[in-house]
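**Student:** mmCIF, C-alpha atoms, saved as final.cif, coming up:
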data_coords
#
loop_
_atom_site.label_atom_id
_atom_site.label_comp_id
_atom_site.auth_asym_id
_atom_site.auth_seq_id
_atom_site.Cartn_x
_atom_site.Cartn_y
_atom_site.Cartn_z
CA MET Z 142 -15.59 22.26 -7.55
CA ASN Z 143 -13.95 23.36 -10.79
CA LYS Z 144 -10.81 21.66 -12.02
CA VAL Z 145 -7.77 23.03 -10.18
CA ASP Z 146 -5.29 25.03 -12.27
CA PRO Z 147 -1.96 24.45 -10.48
CA TYR Z 148 -0.32 27.39 -12.32
CA ALA Z 149 -3.12 29.93 -11.91
CA SER Z 150 -1.22 32.46 -9.77
CA LEU Z 151 1.93 32.15 -11.91
CA ARG Z 152 0.01 33.60 -14.83
CA TYR Z 153 0.17 37.01 -13.13
CA LYS Z 154 3.41 38.70 -14.19
CA GLU Z 155 3.93 40.62 -10.95
CA PHE Z 156 3.51 37.48 -8.89
CA SER Z 157 6.15 35.71 -10.98
CA ILE Z 158 8.50 38.65 -10.45
CA PHE Z 159 7.70 38.59 -6.74
CA LEU Z 160 8.66 34.90 -6.59
CA LEU Z 161 12.03 35.69 -8.20
CA VAL Z 162 12.63 38.40 -5.62
CA ARG Z 163 11.62 36.02 -2.82
CA PHE Z 164 13.83 33.30 -4.24
CA ALA Z 165 16.88 35.57 -4.32
CA LEU Z 166 16.29 36.80 -0.77
CA VAL Z 167 15.76 33.39 0.77
CA PHE Z 168 18.65 31.93 -1.21
CA GLY Z 169 20.94 34.65 0.11
CA TRP Z 170 19.64 34.55 3.67
CA SER Z 171 19.85 30.73 3.89
CA MET Z 172 23.32 30.66 2.41
CA GLN Z 173 24.48 33.41 4.75
CA PHE Z 174 23.07 31.79 7.91
CA LEU Z 175 24.61 28.41 7.06
CA ILE Z 176 28.01 29.97 6.32
CA LEU Z 177 27.93 31.84 9.62
CA GLU Z 178 27.10 28.66 11.54
CA TYR Z 179 30.07 26.93 9.96
CA GLU Z 180 32.40 29.89 10.49
CA VAL Z 181 31.45 30.36 14.14
CA TYR Z 182 31.93 26.65 14.86
CA GLU Z 183 35.33 26.80 13.18
CA LEU Z 184 36.26 29.82 15.30
CA THR Z 185 34.99 28.50 18.61
CA ASN Z 186 34.57 24.71 18.31
CA SER Z 187 31.56 25.34 20.58
CA LYS Z 188 28.09 23.87 20.11
CA LEU Z 189 26.62 26.59 22.30
CA ALA Z 190 28.15 29.27 20.08
CA ILE Z 191 26.12 27.92 17.16
CA GLY Z 192 22.96 28.28 19.22
CA ILE Z 193 23.87 31.85 20.10
CA ILE Z 194 23.73 32.79 16.41
CA GLY Z 195 20.06 31.87 16.40
CA LEU Z 196 19.50 33.66 19.69
CA MET Z 197 21.09 36.86 18.39
CA GLU Z 198 18.63 36.88 15.49
CA VAL Z 199 15.53 35.78 17.34
CA ILE Z 200 15.70 38.29 20.22
CA PRO Z 201 15.21 41.40 18.03
CA ALA Z 202 12.92 39.54 15.61
CA VAL Z 203 10.50 38.64 18.41
CA SER Z 204 10.88 41.92 20.30
CA MET Z 205 10.15 44.04 17.24
CA ALA Z 206 7.56 41.77 15.58
CA LEU Z 207 4.33 43.38 16.80
CA PHE Z 208 5.59 46.90 16.15
CA ALA Z 209 6.76 45.83 12.71
CA GLY Z 210 3.30 44.44 11.94
CA HIS Z 211 1.76 47.78 12.87
CA ILE Z 212 4.19 49.66 10.59
CA VAL Z 213 3.56 47.25 7.70
CA ASP Z 214 -0.21 47.80 7.90
CA GLN Z 215 0.39 51.57 7.84
CA LYS Z 216 2.89 51.75 4.94
CA GLU Z 217 3.09 51.03 1.22
CA LYS Z 218 4.43 47.49 0.90
CA ARG Z 219 6.69 47.58 -2.19
CA ASN Z 220 8.84 50.47 -1.00
CA LEU Z 221 8.97 49.13 2.55
CA LEU Z 222 10.30 45.83 1.25
CA ALA Z 223 12.87 47.69 -0.86
CA LEU Z 224 14.14 49.51 2.22
CA CYS Z 225 14.49 46.24 4.11
CA ILE Z 226 16.40 44.61 1.25
CA GLY Z 227 18.76 47.57 0.98
CA LEU Z 228 19.63 47.39 4.67
CA PHE Z 229 20.06 43.62 4.48
CA SER Z 230 22.62 44.06 1.69
CA LEU Z 231 24.70 46.26 4.00
CA ILE Z 232 24.69 43.54 6.64
CA SER Z 233 25.89 40.97 4.10
CA LEU Z 234 28.66 43.31 3.01
CA GLY Z 235 29.69 43.82 6.63
CA LEU Z 236 29.87 40.06 7.21
CA TYR Z 237 32.09 39.72 4.15
CA PHE Z 238 34.63 42.09 5.70
CA LEU Z 239 34.42 40.38 9.11
CA THR Z 240 35.30 37.02 7.57
CA ASN Z 241 38.04 38.39 5.33
CA ARG Z 242 41.34 37.42 6.96
CA ASP Z 243 43.17 40.45 5.57
CA PHE Z 244 40.61 42.91 6.90
CA VAL Z 245 40.53 41.43 10.42
CA ALA Z 246 44.20 40.44 10.58
CA ASN Z 247 44.83 42.71 13.57
CA TRP Z 248 41.55 41.94 15.34
CA ASN Z 249 41.42 39.62 18.31
CA TYR Z 250 39.20 36.54 18.45
CA ASN Z 251 36.44 38.11 20.57
CA SER Z 252 36.18 41.25 18.42
CA VAL Z 253 35.48 39.21 15.29
CA LEU Z 254 32.99 36.91 17.02
CA TYR Z 255 31.06 39.67 18.77
CA SER Z 256 30.94 41.77 15.59
CA ILE Z 257 29.41 38.83 13.73
CA TYR Z 258 26.82 38.47 16.49
CA ALA Z 259 26.08 42.21 16.29
CA LEU Z 260 25.34 42.11 12.55
CA VAL Z 261 23.18 39.02 13.02
CA PHE Z 262 21.30 40.98 15.70
CA PHE Z 263 20.60 43.84 13.27
CA GLY Z 264 19.52 41.26 10.72
CA GLY Z 265 16.99 40.04 13.27
CA ILE Z 266 15.48 43.53 13.41
CA LEU Z 267 15.04 43.47 9.63
CA ARG Z 268 13.64 39.95 9.86
CA SER Z 269 10.72 41.27 11.92
CA PHE Z 270 9.71 43.47 8.95
CA PHE Z 271 10.38 41.01 6.12
CA GLY Z 272 7.73 38.43 7.02
CA PRO Z 273 4.72 40.75 7.46
CA THR Z 274 5.67 42.82 4.41
CA ILE Z 275 6.00 39.82 2.11
CA PHE Z 276 2.81 38.21 3.44
CA SER Z 277 0.86 41.44 2.88
CA LEU Z 278 2.33 42.10 -0.57
CA VAL Z 279 1.24 38.71 -1.92
CA ALA Z 280 -2.39 39.51 -1.13
CA LEU Z 281 -2.12 42.72 -3.18
CA ILE Z 282 -0.63 41.02 -6.23
CA VAL Z 283 -3.00 38.09 -6.83
CA PRO Z 284 -6.83 38.02 -6.58
CA LYS Z 285 -8.46 36.48 -3.53
CA ASN Z 286 -9.64 33.38 -5.36
CA LEU Z 287 -5.97 32.46 -5.94
CA TYR Z 288 -4.68 32.94 -2.39
CA THR Z 289 -4.39 29.21 -1.76
CA ASN Z 290 -2.54 28.58 -5.01
CA ALA Z 291 -0.28 31.58 -4.42
CA ALA Z 292 0.50 30.39 -0.88
CA THR Z 293 1.58 27.03 -2.28
CA TRP Z 294 3.93 28.52 -4.89
CA ASN Z 295 5.21 31.09 -2.41
CA SER Z 296 6.11 28.35 0.08
CA SER Z 297 7.56 26.19 -2.70
CA THR Z 298 9.79 29.03 -3.84
CA TRP Z 299 10.95 29.52 -0.26
CA GLN Z 300 11.90 25.86 -0.01
CA LEU Z 301 13.64 25.71 -3.40
CA ALA Z 302 15.68 28.79 -2.50
CA LYS Z 303 16.58 27.20 0.82
CA ILE Z 304 17.65 23.98 -0.94
CA LEU Z 305 19.99 25.80 -3.27
CA GLY Z 306 21.08 28.32 -0.66
CA VAL Z 307 22.24 25.83 1.96
CA SER Z 308 23.72 23.36 -0.53
CA THR Z 309 25.54 26.12 -2.41
CA GLY Z 310 26.74 27.57 0.87
CA GLY Z 311 28.19 24.24 1.93
CA PHE Z 312 29.98 23.70 -1.38
CA PHE Z 313 31.19 27.30 -1.60
CA ILE Z 314 32.81 27.06 1.83
CA GLY Z 315 34.94 24.17 0.59
CA TRP Z 316 35.66 25.63 -2.84
CA PHE Z 317 36.11 29.38 -2.32
CA GLY Z 318 36.15 30.09 1.40
CA VAL Z 319 33.76 31.85 3.74
CA ASP Z 320 34.44 35.48 2.77
CA SER Z 321 34.02 34.97 -0.99
CA SER Z 322 30.79 33.08 -0.36
CA LEU Z 323 29.41 36.01 1.62
CA LEU Z 324 30.34 38.38 -1.20
CA VAL Z 325 28.13 36.26 -3.46
CA VAL Z 326 25.31 36.71 -0.96
CA PHE Z 327 25.72 40.50 -1.17
CA SER Z 328 25.50 40.40 -4.96
CA ILE Z 329 22.36 38.26 -4.91
CA VAL Z 330 20.62 40.60 -2.48
CA ILE Z 331 21.41 43.61 -4.68
CA PHE Z 332 19.94 41.73 -7.65
CA SER Z 333 16.70 41.13 -5.74
CA LEU Z 334 16.49 44.84 -4.90
CA VAL Z 335 16.77 45.88 -8.55
CA LEU Z 336 14.21 43.27 -9.59
CA LEU Z 337 11.70 44.39 -6.97
CA PHE Z 338 11.12 47.72 -8.74
CA SER Z 339 9.45 45.84 -11.61
CA ILE Z 340 6.48 45.55 -9.26
CA LYS Z 341 4.23 48.60 -9.01
CA LYS Z 342 3.47 50.36 -5.75
CA LYS Z 343 0.34 49.00 -4.05
CA PRO Z 344 -2.53 50.73 -2.20
CA ILE Z 345 -2.65 50.72 1.60
CA MET Z 346 -5.66 48.64 2.63
CA ASN Z 347 -5.73 49.79 6.25
CA LYS Z 348 -8.28 52.62 6.69
CA LYS Z 349 -6.98 53.53 10.15
CA ILE Z 350 -3.84 55.36 9.06
CA GLY Z 351 -2.28 57.08 12.05
CA GLU Z 352 -4.03 54.79 14.54
CA PRO Z 353 -2.21 54.72 17.93
CA VAL Z 354 0.27 51.85 18.12
CA ILE Z 355 -1.22 50.34 21.27
CA GLU Z 356 -4.75 50.21 19.82
CA SER Z 357 -3.44 48.73 16.58
CA LEU Z 358 -1.48 46.02 18.36
CA LYS Z 359 -4.40 45.14 20.63
CA GLU Z 360 -6.64 44.63 17.61
CA GLY Z 361 -4.16 42.27 15.96
CA ILE Z 362 -3.49 40.23 19.09
CA GLN Z 363 -7.17 39.97 19.91
CA PHE Z 364 -7.99 38.70 16.42
CA VAL Z 365 -5.42 35.89 16.65
CA ARG Z 366 -6.43 35.02 20.22
CA ASN Z 367 -10.10 34.73 19.25
CA SER Z 368 -9.36 32.50 16.25
CA LYS Z 369 -8.96 29.00 17.69
CA VAL Z 370 -7.87 27.62 14.35
CA ILE Z 371 -5.10 30.16 13.75
CA LEU Z 372 -3.94 30.15 17.36
CA GLY Z 373 -3.95 26.35 17.55
CA ALA Z 374 -2.02 25.88 14.32
CA LEU Z 375 0.60 28.48 15.22
CA THR Z 376 1.09 27.15 18.74
CA LEU Z 377 1.44 23.57 17.56
CA ASP Z 378 4.01 24.45 14.93
CA MET Z 379 5.97 26.73 17.24
CA ILE Z 380 6.41 24.12 19.94
CA SER Z 381 7.20 21.29 17.55
CA VAL Z 382 9.81 23.29 15.63
CA LEU Z 383 11.23 24.67 18.87
CA PHE Z 384 11.95 21.20 20.20
CA GLY Z 385 12.70 19.69 16.80
CA GLY Z 386 15.38 22.24 15.90
CA ALA Z 387 18.08 19.62 15.31
CA ILE Z 388 19.10 21.30 12.04
CA ALA Z 389 21.16 23.79 14.05
CA LEU Z 390 23.42 20.92 15.15
CA LEU Z 391 24.20 19.77 11.60
CA PRO Z 392 27.76 21.17 11.75
CA VAL Z 393 28.39 18.93 14.77
CA PHE Z 394 26.92 15.85 13.06
CA ALA Z 395 28.77 16.53 9.81
CA LYS Z 396 32.14 17.11 11.46
CA ASP Z 397 32.18 14.94 14.58
CA ILE Z 398 29.60 12.13 14.18
CA LEU Z 399 29.12 11.39 10.47
CA LYS Z 400 32.52 12.84 9.50
CA VAL Z 401 31.47 13.95 6.01
CA GLY Z 402 33.09 17.41 5.78
CA PRO Z 403 31.74 20.61 4.18
CA GLU Z 404 30.24 18.89 1.12
CA GLY Z 405 28.40 16.33 3.24
CA PHE Z 406 27.27 19.20 5.43
CA GLY Z 407 25.78 20.85 2.34
CA PHE Z 408 23.86 17.70 1.38
CA LEU Z 409 22.54 17.22 4.92
CA SER Z 410 21.47 20.86 5.09
CA ALA Z 411 19.68 20.69 1.75
CA ALA Z 412 17.85 17.38 2.35
CA PRO Z 413 14.92 18.78 4.41
CA ALA Z 414 14.32 21.58 1.93
CA ILE Z 415 14.34 19.15 -1.01
CA GLY Z 416 11.70 17.02 0.69
CA ALA Z 417 9.56 20.04 1.50
CA PHE Z 418 9.87 21.48 -2.00
CA LEU Z 419 8.78 18.27 -3.71
CA THR Z 420 5.84 17.99 -1.33
CA MET Z 421 4.74 21.54 -2.07
CA LEU Z 422 4.84 20.92 -5.82
CA ILE Z 423 2.50 18.00 -5.29
CA THR Z 424 0.11 20.11 -3.19
CA ALA Z 425 -0.20 22.55 -6.12
CA TYR Z 426 -1.98 19.71 -7.94
CA ILE Z 427 -3.62 18.08 -4.90
CA PRO Z 428 -4.93 20.74 -2.45
CA VAL Z 429 -4.72 19.87 1.26
CA SER Z 430 -7.93 21.67 2.24
CA LYS Z 431 -9.94 18.52 3.08
CA ASN Z 432 -9.39 17.33 6.68
CA ALA Z 433 -6.65 19.95 6.99
CA GLY Z 434 -6.49 19.78 10.79
CA MET Z 435 -5.85 16.05 10.96
CA LYS Z 436 -3.32 16.29 8.12
CA LEU Z 437 -1.48 18.99 10.05
CA LEU Z 438 -1.30 16.81 13.18
CA VAL Z 439 -0.12 13.75 11.26
CA ALA Z 440 2.50 15.77 9.37
CA ILE Z 441 4.05 17.24 12.51
CA PHE Z 442 3.97 13.83 14.26
CA GLY Z 443 5.89 12.42 11.28
CA PHE Z 444 8.36 15.29 11.56
CA GLY Z 445 9.09 14.33 15.17
CA VAL Z 446 9.71 10.69 14.21
CA CYS Z 447 12.17 11.77 11.50
CA ILE Z 448 14.09 13.93 13.96
CA ILE Z 449 14.46 11.00 16.36
CA VAL Z 450 15.72 8.73 13.57
CA PHE Z 451 18.23 11.38 12.49
CA GLY Z 452 19.51 11.79 16.04
CA LEU Z 453 20.10 8.05 16.48
CA SER Z 454 21.65 7.43 13.05
CA GLU Z 455 25.39 6.98 12.57
CA LEU Z 456 25.08 6.27 8.83
CA PHE Z 457 25.20 9.14 6.36
CA TRP Z 458 22.50 7.76 4.02
CA VAL Z 459 20.10 7.05 6.89
CA SER Z 460 20.61 10.57 8.23
CA LEU Z 461 20.06 11.98 4.75
CA LEU Z 462 16.78 10.08 4.33
CA ALA Z 463 15.56 11.08 7.79
CA LEU Z 464 16.19 14.74 7.02
CA PHE Z 465 14.55 14.40 3.59
CA PHE Z 466 11.34 13.01 5.09
CA SER Z 467 11.42 15.61 7.85
CA GLY Z 468 11.21 18.10 5.00
CA VAL Z 469 8.32 16.21 3.39
CA THR Z 470 6.26 16.40 6.58
CA ASP Z 471 7.28 19.99 7.25
CA GLY Z 472 6.21 20.93 3.72
CA VAL Z 473 2.68 19.65 4.34
CA SER Z 474 2.56 21.57 7.62
CA MET Z 475 3.74 24.79 5.99
CA VAL Z 476 1.21 24.69 3.14
CA ILE Z 477 -1.68 24.04 5.52
CA ARG Z 478 -0.59 26.80 7.89
CA GLN Z 479 -0.13 29.36 5.09
CA THR Z 480 -3.50 28.41 3.61
CA ILE Z 481 -5.19 28.97 6.98
CA LEU Z 482 -3.58 32.38 7.39
CA GLN Z 483 -4.36 33.57 3.86
CA LEU Z 484 -8.00 32.46 4.00
CA LYS Z 485 -8.79 33.62 7.52
CA THR Z 486 -6.97 36.99 7.75
CA PRO Z 487 -8.70 40.29 6.76
CA ASP Z 488 -6.73 42.46 4.29
CA HIS Z 489 -6.31 45.40 6.66
CA MET Z 490 -4.75 43.21 9.39
CA ARG Z 491 -2.33 41.10 7.37
CA GLY Z 492 0.79 42.82 8.68
CA ARG Z 493 -0.19 42.40 12.32
CA VAL Z 494 -1.37 38.82 11.95
CA ALA Z 495 1.80 37.94 10.06
CA SER Z 496 3.85 39.53 12.83
CA VAL Z 497 2.13 37.32 15.41
CA ASN Z 498 2.85 34.39 13.10
CA SER Z 499 6.52 35.38 13.04
CA ILE Z 500 6.59 35.31 16.84
CA PHE Z 501 4.94 31.90 17.05
CA VAL Z 502 6.53 30.18 14.05
CA GLY Z 503 8.93 32.34 12.08
CA SER Z 504 11.35 32.68 15.00
CA SER Z 505 10.91 29.19 16.42
CA ASN Z 506 13.71 27.87 14.20
CA GLU Z 507 16.19 30.24 15.82
CA LEU Z 508 14.86 29.57 19.31
CA GLY Z 509 15.09 25.89 18.41
CA ALA Z 510 18.70 26.46 17.38
CA PHE Z 511 19.49 27.93 20.78
CA GLU Z 512 17.54 25.18 22.57
CA SER Z 513 19.43 22.53 20.60
CA GLY Z 514 22.79 24.14 21.31
CA LEU Z 515 22.02 24.41 25.02
CA THR Z 516 20.64 20.89 25.41
CA ALA Z 517 23.54 19.48 23.36
CA LYS Z 518 25.94 21.08 25.82
CA LEU Z 519 23.99 19.73 28.81
CA MET Z 520 22.90 16.29 27.51
CA GLY Z 521 25.18 15.53 24.58
CA THR Z 522 24.40 15.99 20.91
CA VAL Z 523 22.50 12.75 20.19
CA THR Z 524 20.46 12.86 23.39
CA ALA Z 525 19.48 16.47 22.72
CA VAL Z 526 18.13 15.65 19.25
CA VAL Z 527 16.19 12.60 20.46
CA PHE Z 528 14.77 14.64 23.33
CA GLY Z 529 13.59 17.32 20.89
CA GLY Z 530 11.89 14.80 18.63
CA THR Z 531 10.19 13.14 21.59
CA MET Z 532 8.86 16.47 22.84
CA THR Z 533 7.43 17.09 19.36
CA LEU Z 534 5.49 13.81 19.49
CA ILE Z 535 4.13 14.63 22.94
CA THR Z 536 3.05 18.08 21.73
CA VAL Z 537 1.14 16.66 18.76
CA LEU Z 538 -0.67 14.05 20.86
CA THR Z 539 -1.61 16.63 23.50
CA THR Z 540 -2.89 19.10 20.89
CA GLY Z 541 -4.90 16.43 19.11
CA ILE Z 542 -6.64 15.47 22.35
CA PHE Z 543 -7.31 18.90 23.83
CA ASN Z 544 -7.95 20.99 20.69
CA PRO Z 545 -10.84 19.32 18.82
CA THR Z 546 -11.48 22.51 16.80
CA LEU Z 547 -8.09 22.18 15.13
CA ARG Z 548 -8.32 18.41 14.85
CA LYS Z 549 -11.66 18.62 12.99
CA LEU Z 550 -10.64 21.55 10.77
CA ASP Z 551 -11.73 21.20 7.14
CA LEU Z 552 -11.00 24.04 4.68
CA THR Z 553 -12.93 22.56 1.76
CA GLU Z 554 -15.75 25.09 2.01
CA ASP Z 555 -13.32 28.02 2.29
CA PHE Z 556 -11.39 26.70 -0.68
CA GLU Z 557 -14.53 26.43 -2.80
CA ASN Z 558 -15.59 29.97 -1.85
CA GLN Z 559 -12.20 31.32 -2.91
CA GLU Z 560 -12.59 29.68 -6.33
CA LYS Z 561 -15.98 31.33 -7.01
#
Can you dump the structure from the file as structure tokens?
**Tutor:**
Amino acid sequence: MNKVDPYASLRYKEFSIFLLVRFALVFGWSMQFLILEYEVYELTNSKLAIGIIGLMEVIPAVSMALFAGHIVDQKEKRNLLALCIGLFSLISLGLYFLTNRDFVANWNYNSVLYSIYALVFFGGILRSFFGPTIFSLVALIVPKNLYTNAATWNSSTWQLAKILGVSTGGFFIGWFGVDSSLLVVFSIVIFSLVLLFSIKKKPIMNKKIGEPVIESLKEGIQFVRNSKVILGALTLDMISVLFGGAIALLPVFAKDILKVGPEGFGFLSAAPAIGAFLTMLITAYIPVSKNAGMKLLVAIFGFGVCIIVFGLSELFWVSLLALFFSGVTDGVSMVIRQTILQLKTPDHMRGRVASVNSIFVGSSNELGAFESGLTAKLMGTVTAVVFGGTMTLITVLTTGIFNPTLRKLDLTEDFENQEK
């Protein structure tokens, strides 16, 4: 194997521009979601209401995912992404007005809350298009032999943007207020839209333009179902994140248990992303292709342990460390999963496969948020988090025993072929 160049994909100008666009989008989206969680909890003082935010986004995201994948495989990717960003900016602007006290001075409590939920719902529809479009666009910007390296930097950019997005959101709430923070989100999204047009339009790789939707969707679902490696990895991650979605309860921990206020909330929110980002930087130098299946299982098992420690902790620094290492383990899991998808998915099916991925994994955080909110209401906050972490451990052990194909997965040969 030739010496690994950790910056190989970054040497392509369009990929670097793409990463800036992705950074701005994820920064804005993460900041916006965190601000809304805090605002809704302030309005309602309800743990379940926090979970409903995730539910309002995940319902349309899951419902529209397969159709979105079909559309992505049929359309030019750059312009489709531009349309999605433009619509997202309108949602951010709408949320600014809904959280502006002067604008909603004559509105009642329910009107404001339900309007926020409605805009989050429309954001979920856009979410179903974002993932497949971005996944497909990357493959058209960098050559195939750099897919693994590009996946690492793409995931790292996502995590860095999330770090800064959630931490900035937490600080901005305390410094400037919710509405001004959301106006910043709107500005950032507009910036990403302008920057996107520095990337040229790309060819449509799918030769079956105009193919009936049902036939197209069947082909995508069948491909994922027949790939034990892809299906196993997605299922494992979905279930673990679903039951390990303690992050949604951070406002409760920050305000009621750890009592650290908005700034502490920002640090807690950023800790997992910092851990994941640092891990992904390391994987740019040390590929995770060898014994990838076992590394995936170990990483998600470690994630479950961290969630349990966080749930039981009453000390801020212990909670911060637990969340940091949950990010470290999640970072390993994300790089391995993205590497599997990039290496194993044909070009003409990337939109549909990515849409299935969004159903299994991309929306599991929001479903996890709802699950955490519901179980917190039924069991209590600490018990709910410990329960989620325990279910993650059980899932990993069960998968390791009953899915030997995933357990024995080694991507070394695929990695070497991509380098040739």
**Student:** Within 10 Å of Ala291 (chain Z), counting only C-alpha atoms, which residues show up once you throw out same-chain ones fewer than 3 positions away? Write them as a list in words, please.
**Tutor:**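 In the requested form, the answer reads Pro147, Tyr148, Ala149, Ser150, Leu151, Phe156, Leu160, Val279, Ala280, Ile282, Val283, Pro284, Lys285, Asn286, Leu287, Tyr288, Trp294, Asn295, Ser296, Ser297, Ala425, Gln479, Thr480 and Gln483 of chain Z.
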**Student:** So the first atom is CA of Val330 (chain Z) and the second is CA of Ala165 (chain Z); what is the distance between them in Å, to one decimal place?
**Tutor:**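 If I compute the distance from CA of Val330 (chain Z) to CA of Ala165 (chain Z), I get 6.5 Å.
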**Student:** I need the residue set behind the PyMOL selection byres ((chain Z and resi 311) around 7) for this file; please write it as JSON, numbers by chain.
**Tutor:** {"Z": [307, 308, 309, 310, 312, 313, 314, 315, 403, 404, 406, 407]}
**Student:** Run through the PyMOL selection byres ((chain Z and resi 256) around 12) on the given coordinates and return the selected residues as JSON, numbers by chain.
**Tutor:** {"Z": [177, 181, 194, 197, 232, 235, 236, 237, 238, 239, 240, 245, 248, 249, 250, 251, 252, 253, 254, 255, 257, 258, 259, 260, 261, 262, 263]}
**Student:** Just give me the residues with any atom within 12 Å of (-6.0, 34.3, 18.5), file coordinates, counting all atoms listed in the file, written as a JSON list (two decimals) with C-alpha atoms, keeping the file's coordinate frame.
**Tutor:**
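Generated output (result.json):
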[["chain", "number", "residue", "atom", "x", "y", "z"],
["Z", 359, "LYS", "CA", -4.40, 45.14, 20.63],
["Z", 360, "GLU", "CA", -6.64, 44.63, 17.61],
["Z", 361, "GLY", "CA", -4.16, 42.27, 15.96],
["Z", 362, "ILE", "CA", -3.49, 40.23, 19.09],
["Z", 363, "GLN", "CA", -7.17, 39.97, 19.91],
["Z", 364, "PHE", "CA", -7.99, 38.70, 16.42],
["Z", 365, "VAL", "CA", -5.42, 35.89, 16.65],
["Z", 366, "ARG", "CA", -6.43, 35.02, 20.22],
["Z", 367, "ASN", "CA", -10.10, 34.73, 19.25],
["Z", 368, "SER", "CA", -9.36, 32.50, 16.25],
["Z", 369, "LYS", "CA", -8.96, 29.00, 17.69],
["Z", 370, "VAL", "CA", -7.87, 27.62, 14.35],
["Z", 371, "ILE", "CA", -5.10, 30.16, 13.75],
["Z", 372, "LEU", "CA", -3.94, 30.15, 17.36],
["Z", 373, "GLY", "CA", -3.95, 26.35, 17.55],
["Z", 374, "ALA", "CA", -2.02, 25.88, 14.32],
["Z", 375, "LEU", "CA", 0.60, 28.48, 15.22],
["Z", 376, "THR", "CA", 1.09, 27.15, 18.74],
["Z", 482, "LEU", "CA", -3.58, 32.38, 7.39],
["Z", 485, "LYS", "CA", -8.79, 33.62, 7.52],
["Z", 486, "THR", "CA", -6.97, 36.99, 7.75],
["Z", 493, "ARG", "CA", -0.19, 42.40, 12.32],
["Z", 494, "VAL", "CA", -1.37, 38.82, 11.95],
["Z", 497, "VAL", "CA", 2.13, 37.32, 15.41],
["Z", 498, "ASN", "CA", 2.85, 34.39, 13.10],
["Z", 501, "PHE", "CA", 4.94, 31.90, 17.05]]
**Student:** Compile a residue-level contact table for region 160-266 of chain Z against region 515-526 of chain Z at a cut-off of 9 Å, reporting for every qualifying residue the shortest atom pair and its distance in Å to one decimal, with only C-alpha atoms counted, rows ordered by chain and ascending number, as JSON lines.
**Tutor:**
{"residue": "Z:Ser187", "atom": "CA", "partner": "Z:Lys518", "partner_atom": "CA", "distance": 8.8}
{"residue": "Z:Lys188", "atom": "CA", "partner": "Z:Lys518", "partner_atom": "CA", "distance": 6.7}
{"residue": "Z:Leu189", "atom": "CA", "partner": "Z:Leu515", "partner_atom": "CA", "distance": 5.8}
{"residue": "Z:Gly192", "atom": "CA", "partner": "Z:Leu515", "partner_atom": "CA", "distance": 7.0}
**Student:** Could you work out how far CA of Val326 (chain Z) lies from CA of Phe338 (chain Z), giving the answer in Å with one decimal?
**Tutor:**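 About the pair CA of Phe338 (chain Z) and CA of Val326 (chain Z): they are 19.6 Å apart.
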**Student:** Could you extract region 183-191 of chain Z of the given structure into a file holding N, CA, C and O atoms, as a PDB file, in the first residue's frame?
**Tutor:**
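part18.pdb was written with the following content:
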ATOM      1  N   GLU Z 183     -37.969  26.589  27.623  1.00  0.00           N
ATOM      2  CA  GLU Z 183     -38.282  27.805  28.364  1.00  0.00           C
ATOM      3  C   GLU Z 183     -39.771  28.111  28.292  1.00  0.00           C
ATOM      4  O   GLU Z 183     -40.380  28.565  29.272  1.00  0.00           O
ATOM      5  N   LEU Z 184     -40.381  27.892  27.134  1.00  0.00           N
ATOM      6  CA  LEU Z 184     -41.803  28.175  26.954  1.00  0.00           C
ATOM      7  C   LEU Z 184     -42.692  27.197  27.722  1.00  0.00           C
ATOM      8  O   LEU Z 184     -43.712  27.585  28.288  1.00  0.00           O
ATOM      9  N   THR Z 185     -42.293  25.942  27.734  1.00  0.00           N
ATOM     10  CA  THR Z 185     -43.181  24.885  28.234  1.00  0.00           C
ATOM     11  C   THR Z 185     -42.753  24.267  29.558  1.00  0.00           C
ATOM     12  O   THR Z 185     -43.590  23.718  30.278  1.00  0.00           O
ATOM     13  N   ASN Z 186     -41.443  24.328  29.854  1.00  0.00           N
ATOM     14  CA  ASN Z 186     -40.876  23.617  31.003  1.00  0.00           C
ATOM     15  C   ASN Z 186     -41.243  22.135  30.956  1.00  0.00           C
ATOM     16  O   ASN Z 186     -41.435  21.475  31.982  1.00  0.00           O
ATOM     17  N   SER Z 187     -41.334  21.600  29.739  1.00  0.00           N
ATOM     18  CA  SER Z 187     -41.757  20.209  29.518  1.00  0.00           C
ATOM     19  C   SER Z 187     -40.659  19.427  28.810  1.00  0.00           C
ATOM     20  O   SER Z 187     -40.186  19.830  27.757  1.00  0.00           O
ATOM     21  N   LYS Z 188     -40.281  18.283  29.405  1.00  0.00           N
ATOM     22  CA  LYS Z 188     -39.289  17.418  28.780  1.00  0.00           C
ATOM     23  C   LYS Z 188     -39.857  16.788  27.503  1.00  0.00           C
ATOM     24  O   LYS Z 188     -39.149  16.606  26.517  1.00  0.00           O
ATOM     25  N   LEU Z 189     -41.137  16.454  27.544  1.00  0.00           N
ATOM     26  CA  LEU Z 189     -41.762  15.842  26.378  1.00  0.00           C
ATOM     27  C   LEU Z 189     -41.797  16.805  25.200  1.00  0.00           C
ATOM     28  O   LEU Z 189     -41.650  16.402  24.048  1.00  0.00           O
ATOM     29  N   ALA Z 190     -41.965  18.094  25.480  1.00  0.00           N
ATOM     30  CA  ALA Z 190     -42.007  19.100  24.417  1.00  0.00           C
ATOM     31  C   ALA Z 190     -40.695  19.150  23.654  1.00  0.00           C
ATOM     32  O   ALA Z 190     -40.667  19.404  22.452  1.00  0.00           O
ATOM     33  N   ILE Z 191     -39.580  18.897  24.358  1.00  0.00           N
ATOM     34  CA  ILE Z 191     -38.279  18.856  23.690  1.00  0.00           C
ATOM     35  C   ILE Z 191     -38.248  17.699  22.697  1.00  0.00           C
ATOM     36  O   ILE Z 191     -37.792  17.825  21.563  1.00  0.00           O
TER      37      ILE Z 191
END
